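Novice: Could you have a look at this structure, given as structure tokens, before my questions?
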Amino acid sequence: MAKREGGKSLFSLATLLSSFFGAALIAGAFAYFNYKFSEYKFIDFKQWVFYEKNDIFIPKEDNYVVVFYSSKQKESMEQLASIEFNTHIIAIDYYNEVRENSKNTTFLRSGTKNSLNFIQRFNIYEIPSIFLIKKTKDSLYKQDSMIRKLDNLETLSKEIQHL
């Protein structure tokens with residue numbers, strides 16, 4: 001073992017420094033992932049009112065796929081209505097058009113203020129966008145994935161498998 005002047009080993013200094021840097025790296029990774037997780041937002045369906053036709057939407061599932069889309073884009077509502085997944089879809093229309101629900105898709109609309117708050121809360125900049133929400137308690141849901149932009153709704157099934 002190499003010795004420095006005074007009889008101290010270089011090995012112990014190297015071990016001490018590597019342990020310190022290893023612990024710092026682990027703490028940094030933990031802090032980063034904790035920060036990224038805290039970026040996900042909550043939505044309380046008791047405070048944010050959405051409508052299915054004329055009825056207030058009351059969530060019943062533990063997980064939802066949220067799709068924010070435009071009914072002005074050609075065939076988007078028909079594509080959303082025909083999609084079949086294990087997870088129920090909440091489709092929120094930018095233009096708030098009334099649409100019949102399908103087996104796997106619930107079409108929602110809301111007032112302008114609520115829509116703007118939703119867009120701002122989840123930082124939605126492009127449509128169609130997609131993300132997952134997961135029930136935490138009662139009517140409170142937490143965002144459970146990053147928000148992704150879809151090029152078109154035909155790629156929805158591929159994107160959901162990657163979320």
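By convention in this document, the chains of the structure tokens carry letters A, B, ... by their order, each chain's residues are numbered from 1, and ligands are numbered from 1 in the order they are shown.
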Hey, what does DSSP flag as strand (DSSP E or B) within chain A? Can you give it to me as a PyMOL selection string?
Specialist: chain A and resi 3+9+42-44+51-52+55-56+63-69+88-93+105-109+129-137+140-143+148-149
Novice: Would you list, as a list of chain:residue names, the residues of region 69-113 of chain A that end up in alpha helix (DSSP H) under DSSP run on this structure's backbone?
Specialist: A:Ser76, A:Met77, A:Glu78, A:Gln79, A:Leu80, A:Ala81, A:Ser82, A:Thr112, A:Lys113
Novice: Would you mind reading off the distance between CA of Phe50 (chain A) and CA of Lys149 (chain A), one decimal, in Å?
Specialist: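 CA of Lys149 (chain A) lies 22.2 Å from CA of Phe50 (chain A).
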Novice: Given the choices A:Tyr94, A:Phe118, A:Phe85, A:Tyr64, which gets closest to Ile133 (chain A) if the distance is worked out from only C-alpha atoms?
Specialist: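 Closest candidate: A:Tyr64.
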Novice: Please determine, counting only C-alpha atoms, which residue among A:Leu150, A:Leu108, A:Ala29, A:Leu140 has the shortest atom-to-atom distance to Tyr125 (chain A).
Specialist: A:Leu150
Novice: Could you name the residues that touch Arg148 (chain A) at 7 Å or less, counting only C-alpha atoms, but leaving out those on the same chain fewer than 3 positions away, as an mmCIF file with N, CA and C atoms, in the first residue's frame?
Specialist:
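Written out: part37.cif:
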```cif
data_model
loop_
_atom_site.group_PDB
_atom_site.id
_atom_site.type_symbol
_atom_site.label_atom_id
_atom_site.label_comp_id
_atom_site.auth_asym_id
_atom_site.auth_seq_id
_atom_site.Cartn_x
_atom_site.Cartn_y
_atom_site.Cartn_z
ATOM 1 N N SER A 129 -53.372 16.468 -27.190
ATOM 2 C CA SER A 129 -52.403 16.106 -26.160
ATOM 3 C C SER A 129 -52.990 15.001 -25.301
ATOM 4 N N ILE A 130 -52.118 14.232 -24.672
ATOM 5 C CA ILE A 130 -52.574 13.070 -23.919
ATOM 6 C C ILE A 130 -51.741 12.912 -22.648
ATOM 7 N N PHE A 131 -52.412 12.492 -21.565
ATOM 8 C CA PHE A 131 -51.719 12.135 -20.331
ATOM 9 C C PHE A 131 -52.624 11.255 -19.487
#
```
Novice: Please measure the separation of CA of Ser102 (chain A) and CA of Lys53 (chain A), giving the value in Å to one decimal.
Specialist: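 Answer for the CA of Ser102 (chain A) to CA of Lys53 (chain A) separation: 12.5 Å.
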Novice: Quick one: everything within 9 Å of Glu100 (chain A), counting only C-alpha atoms, minus sequence neighbours fewer than 4 positions away in the same chain. Send it as number ranges by chain.
Specialist: A: 52-53, 81, 106-107
Novice: Would you mind listing what lies within 9 Å of Tyr95 (chain A) as number ranges by chain, with only C-alpha atoms counted and same-chain residues fewer than 4 positions away left out?
Specialist: A: 69-72, 109
Novice: Could you write out that same residue set with C-alpha atoms as an mmCIF file, in the first residue's frame?
Specialist:
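File part.cif, as written:
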```
data_model
loop_
_atom_site.group_PDB
_atom_site.id
_atom_site.type_symbol
_atom_site.label_atom_id
_atom_site.label_comp_id
_atom_site.auth_asym_id
_atom_site.auth_seq_id
_atom_site.Cartn_x
_atom_site.Cartn_y
_atom_site.Cartn_z
ATOM 1 C CA TYR A 69 -58.412 17.552 -28.551
ATOM 2 C CA SER A 70 -60.122 19.803 -31.083
ATOM 3 C CA SER A 71 -63.459 18.790 -32.575
ATOM 4 C CA LYS A 72 -62.565 21.017 -35.538
ATOM 5 C CA ARG A 109 -66.972 20.032 -22.004
#
```
Novice: Take CA of Val49 (chain A) and CA of Val98 (chain A) and report the distance between them in Å, one decimal.
Specialist: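 So the two atoms, CA of Val49 (chain A) and CA of Val98 (chain A), lie 15.1 Å apart.
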Novice: Of the candidates A:Asn54, A:Ser12, A:Asn63, A:Ser18, which one gets nearest to Lys137 (chain A) if we count only C-alpha atoms?
Specialist: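 With only C-alpha atoms as the atom set, the closest residue is A:Asn63.
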Novice: Looking at only C-alpha atoms, which of A:Ile83, A:Ile124, A:Ile43, A:Ala14 is the one that sits closest to Asn104 (chain A)?
Specialist: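 For Asn104 (chain A), the nearest of the given residues is A:Ile83.
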